Amino acid sequence: MRVSRKTCFAGLLYFVTAWAMIVLTSSGRDIAAVWPANAILVALMLQSPKAQWRPVLIVGFLANILANLVTRGTLTGPFLFGAANMVEVFVAAWSLQAKIGDGILRRPESVGRLLFWAGLVAPAVSAPLGAATAWLVLGAPFLSSLMTWYFTDALGLLVFTPFFAALFKGEFARCFRSKNWHGRGERLLLQGLVLVTAIGVFQTDHLPVLFLIPMPILLVTFRVGWLGTKMSVMLVAVVVAVAVIDGSGPIGLASLDPMGRAYFAQFYLASLLLTQLPIAASLASRADLIDQLARSQKSVQVLAEQSDILLLSLNRAGVILRVVGAARNLLDRPEAALVGKGLDVLAAPLRDKLMDAFRDIVDIDGFDQTLTVPSPRDPNRWLQARFHVIEADHPSEVEVALTIQDVTDRKRKESQLMRMAHVDAMTGLLNRAGFTDAAQRAITQARDGRLFLAMIDVDRFKLINDNLGHAAGDAVLVTIARTMKDYLRSSDIIGRLGGDEFTIIFSNVTEAQAHEACNRLVTSIAEAPAKLPEGGKVTVNISCGVARWHAGMDLESLK
């Protein structure tokens with residue numbers, strides 16, 4: 001079994017603390033009135049895996065036995081006291097680690113669990129054995145020992161476990177190092193104020209001014225946080241323990257015996273804990289939430305900047321409240337030039353389209369909109385803007401989230417896929433679907449009698465396929481397509497409907513010009529033999545017919 005340095009240190013600290021409490025707060029024949037020693041072991045076990053608890057419990061058991069042997073001089077009692085204390089330590093550590101780990105005071109619910117398991121359950125489990133040992137071995141009254149054990153152990157766990165947990169975890173040191181000299185000085189000054197106030201209160205024998213102590217602790221809680229609260233409560237507990245020992249301060253004003261003063265002090269510290277710890281936990285939870293939100297916003301900022309995404313938040317009046325992301329890359333404006341302004345600061349046409357969409361979404365609550373607009377920085381790039389209404393309890397608090405991102409690559413891929421769906425893969429001409437769409441658009445824009453449809457077939461194409469093979473037939477079709485693109489205008493619509501069937505739309509021409517273009521095409525193809533894949537050439541002839549379009553005709557009737 002390997003014992004770590006931290007476990008050895010905890011064992012030594014446990015021995016010193018237990019020895020000091022027995023000497024200072026008991027007669028040697030009764031239960032100590034203050035007992036923070038068990039909190040040392042619980043705090044260490046909270047941040048250790050359960051597999052490493054055995055050496056901690058063994059070292060603590062031996063330290064407890066040694067402290068009792070040195071102070072009480074008996075042999076049987078130390079073993080039983082040690083067993084009772086280790087049972088308490090195990091129960092507290094097991095229950096708290098299962099429920100809150102070592103996150104003591106970081107969330108409000110952790111305070112309730114600390115109070116239940118460390119303040120009620122764990123000392124209730126160990127108190128009967130400890131009181132019975134005091135009665136059998138030391139001759140102390142059982143009921144009085146039971147009450148003393150329970151309250152002193154409960155208070156010791158509640159007050160000192162959060163402090164030692166933070167100490168062993170290095171949180172006090174990290175917090176102190178993370179501050180500049182001004183911050184360190186402020187923290188030391190505030191803790192000094194708590195200590196001075198506590199000493200002053202418990203050295204005053206004529207005025208019961210216990211109500212003064214929570215004031216500087218609250219100041220520490222708000223200025224320093226939950227770590228400061230742990231330290232402050234521990235400091236007050238030490239001062240109270242000293243006051244109980246010598247019977248000074250407001251506690252001494254009450255006509256109580258030493259045990260009664262111990263109970264009074266414990267109830268006072270318990271009330272202090274019940275008021276201060278929930279406040280500290282609530283503030284710590286809020287600080288954690290703010291920190292998480294800050295990290296989340298930073299992550300969103302980095303992601304948006306690297307991904308060319310911009311997030312804007314606008315109120316119902318159209319004023320931009322927040323800007324996150326690549327504002328300069330997408331809108332050609334820095335973030336500072338957008339916050340507090342309206343969408344009218346953007347360049348046209350983006351400005352006009354966004355303002356129209358925003359007015360629509362404000363007029364029709366809950367109606368989301370998505371639009372694609374050219375980039376103000378580069379007309380060849382495209383931005384997608386998406387509006388979304390963020391509901392609120394009051395209409396005046398409703399915000400509109402505007403997400404803008406560069407979708408140029410997606411638009412290009414969509415255009416490429418569209419072209420692939422409308423283009424014949426072999427010849428590069430429009431396929432039937434592509435030609436139909438283009439021809440119908442041309443018909444909607446044509447003048448009566450100025451649009452002509454040409455239908456082309458390859459003569460004896462079946463013989464070419466049968467005699468020379470399909471590869472030769474494909475070469476013929478490719479040669480015809482290339483010749484058509486070379487000899488026709490760029491405005492002419494050329495398509496391959498399938499097989500050896502080609503078609504052309506001539507726009508803004510006369511009938512004579514359409515026939516002339518067809519005749520020129522027939523001649524050009526006949527004069528340009530197709531090269532065959534296996535060598536050689538073949539002369540190709542085509543037949544071409546022309547039909548005139550008139551108003552009211554559709555594409556099918558034109559064919």
# chains A, B, ... in the order shown; residues from 1 in each chain; ligands from 1
call {"tool": "select_by_dssp", "arguments": {"residues": "segment 341-371 of chain A", "states": "helix (DSSP H, G or I)", "output": "list in words"}}
result
Leu343, Asp344, Val345, Leu350, Arg351, Asp352, Lys353, Leu354, Met355, Asp356, Ala357, Phe358, Arg359, Asp360, Ile361, Val362 and Asp363 of chain A
call {"tool": "closest_residue", "arguments": {"among": "A:Val538, A:Met234, A:Leu96, A:Leu195", "to": "Pro216 of chain A", "atoms": "only C-alpha atoms"}}
result
A:Leu195
call {"tool": "atom_distance", "arguments": {"atom1": "atom CA of Gly318 of chain A", "atom2": "atom CA of Arg410 of chain A"}}
result
29.2 Å
call {"tool": "atom_distance", "arguments": {"atom1": "atom CA of Gly11 of chain A", "atom2": "atom CA of Arg174 of chain A"}}
result
23.8 Å
call {"tool": "atom_distance", "arguments": {"atom1": "atom CA of Ile493 of chain A", "atom2": "atom CA of Thr523 of chain A"}}
result
19.7 Å
call {"tool": "residues_around", "arguments": {"residues": "segment 501-515 of chain A", "least_positions_apart": "5", "cutoff": "7 Å", "atoms": "only C-alpha atoms", "output": "list in words"}}
result
Ala439, Ala446, Arg450, Leu451, Phe452, Leu453, Ala454, Met455, Ile456, Asp457, Asp492, Ile493, Ile494, Gly495, Arg496 and Val546 of chain A
call {"tool": "write_last_selection", "arguments": {"atoms": "all heavy atoms", "output": "short mmCIF file (atom, residue, chain, number, x, y, z; two decimals), in the first residue's frame"}}
result
data_model
loop_
_atom_site.label_atom_id
_atom_site.label_comp_id
_atom_site.auth_asym_id
_atom_site.auth_seq_id
_atom_site.Cartn_x
_atom_site.Cartn_y
_atom_site.Cartn_z
N ALA A 439 -35.77 26.54 -74.21
CA ALA A 439 -36.67 26.88 -75.32
C ALA A 439 -37.92 27.58 -74.81
O ALA A 439 -38.41 28.54 -75.43
CB ALA A 439 -37.04 25.62 -76.09
N ALA A 446 -40.03 35.82 -77.14
CA ALA A 446 -39.93 35.96 -78.61
C ALA A 446 -41.02 36.87 -79.17
O ALA A 446 -42.09 37.03 -78.60
CB ALA A 446 -40.01 34.58 -79.25
N ARG A 450 -40.49 35.58 -85.32
CA ARG A 450 -39.04 35.83 -85.27
C ARG A 450 -38.30 34.70 -84.54
O ARG A 450 -37.14 34.84 -84.19
CB ARG A 450 -38.75 37.15 -84.55
CG ARG A 450 -39.33 38.36 -85.26
CD ARG A 450 -38.52 38.71 -86.48
NE ARG A 450 -37.20 39.23 -86.13
CZ ARG A 450 -36.27 39.57 -87.01
NH1 ARG A 450 -36.52 39.43 -88.33
NH2 ARG A 450 -35.11 40.03 -86.63
N LEU A 451 -38.96 33.59 -84.28
CA LEU A 451 -38.32 32.45 -83.62
C LEU A 451 -38.58 31.20 -84.46
O LEU A 451 -39.71 30.96 -84.92
CB LEU A 451 -38.88 32.27 -82.20
CG LEU A 451 -38.24 31.16 -81.34
CD1 LEU A 451 -38.14 31.62 -79.89
CD2 LEU A 451 -39.02 29.87 -81.41
N PHE A 452 -37.51 30.39 -84.65
CA PHE A 452 -37.61 29.21 -85.49
C PHE A 452 -36.99 28.02 -84.76
O PHE A 452 -35.99 28.16 -84.05
CB PHE A 452 -36.89 29.43 -86.83
CG PHE A 452 -37.55 30.48 -87.68
CD1 PHE A 452 -37.27 31.84 -87.49
CD2 PHE A 452 -38.47 30.12 -88.65
CE1 PHE A 452 -37.88 32.81 -88.26
CE2 PHE A 452 -39.08 31.10 -89.44
CZ PHE A 452 -38.79 32.44 -89.25
N LEU A 453 -37.60 26.86 -85.00
CA LEU A 453 -37.10 25.61 -84.45
C LEU A 453 -36.55 24.75 -85.58
O LEU A 453 -37.25 24.50 -86.58
CB LEU A 453 -38.23 24.85 -83.73
CG LEU A 453 -37.89 23.44 -83.26
CD1 LEU A 453 -36.89 23.47 -82.12
CD2 LEU A 453 -39.15 22.68 -82.85
N ALA A 454 -35.31 24.30 -85.43
CA ALA A 454 -34.69 23.42 -86.42
C ALA A 454 -34.52 22.04 -85.83
O ALA A 454 -34.00 21.89 -84.73
CB ALA A 454 -33.34 23.97 -86.85
N MET A 455 -34.96 20.99 -86.57
CA MET A 455 -34.81 19.61 -86.15
C MET A 455 -33.80 18.93 -87.07
O MET A 455 -33.90 19.04 -88.31
CB MET A 455 -36.16 18.87 -86.22
CG MET A 455 -37.24 19.49 -85.34
SD MET A 455 -36.89 19.37 -83.57
CE MET A 455 -36.95 17.61 -83.35
N ILE A 456 -32.83 18.21 -86.47
CA ILE A 456 -31.72 17.63 -87.24
C ILE A 456 -31.62 16.14 -86.93
O ILE A 456 -31.67 15.74 -85.76
CB ILE A 456 -30.39 18.33 -86.90
CG1 ILE A 456 -30.46 19.82 -87.29
CG2 ILE A 456 -29.20 17.64 -87.57
CD1 ILE A 456 -29.27 20.61 -86.85
N ASP A 457 -31.46 15.33 -88.01
CA ASP A 457 -31.20 13.89 -87.88
C ASP A 457 -29.93 13.55 -88.66
O ASP A 457 -29.62 14.18 -89.68
CB ASP A 457 -32.36 13.06 -88.44
CG ASP A 457 -33.61 13.19 -87.58
OD1 ASP A 457 -33.47 13.09 -86.35
OD2 ASP A 457 -34.71 13.42 -88.14
N ASP A 492 -27.90 31.08 -79.97
CA ASP A 492 -28.73 29.99 -80.44
C ASP A 492 -28.74 28.86 -79.40
O ASP A 492 -27.72 28.53 -78.80
CB ASP A 492 -28.20 29.44 -81.78
CG ASP A 492 -28.30 30.48 -82.89
OD1 ASP A 492 -29.21 31.34 -82.81
OD2 ASP A 492 -27.46 30.45 -83.81
N ILE A 493 -29.90 28.25 -79.23
CA ILE A 493 -30.07 27.20 -78.22
C ILE A 493 -29.95 25.86 -78.94
O ILE A 493 -30.77 25.53 -79.81
CB ILE A 493 -31.42 27.33 -77.52
CG1 ILE A 493 -31.54 28.70 -76.83
CG2 ILE A 493 -31.61 26.21 -76.49
CD1 ILE A 493 -32.92 29.00 -76.30
N ILE A 494 -28.93 25.06 -78.56
CA ILE A 494 -28.66 23.80 -79.22
C ILE A 494 -28.87 22.67 -78.22
O ILE A 494 -28.36 22.73 -77.09
CB ILE A 494 -27.22 23.74 -79.76
CG1 ILE A 494 -26.86 25.04 -80.51
CG2 ILE A 494 -27.01 22.53 -80.64
CD1 ILE A 494 -25.39 25.15 -80.83
N GLY A 495 -29.57 21.63 -78.64
CA GLY A 495 -29.79 20.51 -77.74
C GLY A 495 -29.74 19.18 -78.47
O GLY A 495 -29.94 19.09 -79.69
N ARG A 496 -29.44 18.14 -77.71
CA ARG A 496 -29.52 16.76 -78.22
C ARG A 496 -30.64 16.09 -77.45
O ARG A 496 -30.56 15.88 -76.24
CB ARG A 496 -28.20 16.03 -77.98
CG ARG A 496 -28.25 14.58 -78.48
CD ARG A 496 -27.07 13.79 -77.99
NE ARG A 496 -27.20 12.37 -78.34
CZ ARG A 496 -26.71 11.36 -77.64
NH1 ARG A 496 -26.02 11.62 -76.52
NH2 ARG A 496 -26.88 10.12 -78.01
N VAL A 546 -36.93 23.16 -90.70
CA VAL A 546 -37.15 24.40 -89.93
C VAL A 546 -38.64 24.65 -89.80
O VAL A 546 -39.39 24.51 -90.78
CB VAL A 546 -36.46 25.60 -90.60
CG1 VAL A 546 -36.75 26.88 -89.83
CG2 VAL A 546 -34.97 25.36 -90.70
#
call {"tool": "residues_around", "arguments": {"residues": "Gly342 of chain A", "least_positions_apart": "5", "cutoff": "10 Å", "atoms": "only C-alpha atoms", "output": "list in words"}}
result
Leu314, Asn315, Ala317, Gly318, Val319, Ile320, Leu321, Arg351 and Met355 of chain A
call {"tool": "residues_around", "arguments": {"residues": "Leu80 of chain A", "least_positions_apart": "6", "cutoff": "12 Å", "atoms": "only C-alpha atoms", "output": "PyMOL selection string"}}
result
chain A and resi 61-62+64-65+68-69+74+86-87+126-138
call {"tool": "residues_around", "arguments": {"residues": "Ser524 of chain A", "least_positions_apart": "5", "cutoff": "10 Å", "atoms": "only C-alpha atoms", "output": "compact mmCIF listing (two decimals) with C-alpha atoms, in the first residue's frame"}}
result
# COMPACT_ATOMS: atom_id res chain seq x y z
CA ILE A 480 -21.56 17.10 -85.11
CA THR A 483 -19.34 21.75 -85.49
CA MET A 484 -22.74 23.09 -84.44
CA ASP A 486 -18.47 26.41 -83.90
CA TYR A 487 -20.78 27.57 -86.68
CA CYS A 518 -29.32 25.28 -91.45
CA ASN A 519 -27.88 25.00 -94.98
CA PRO A 529 -15.40 14.02 -91.44
CA ASN A 541 -24.49 13.99 -93.59
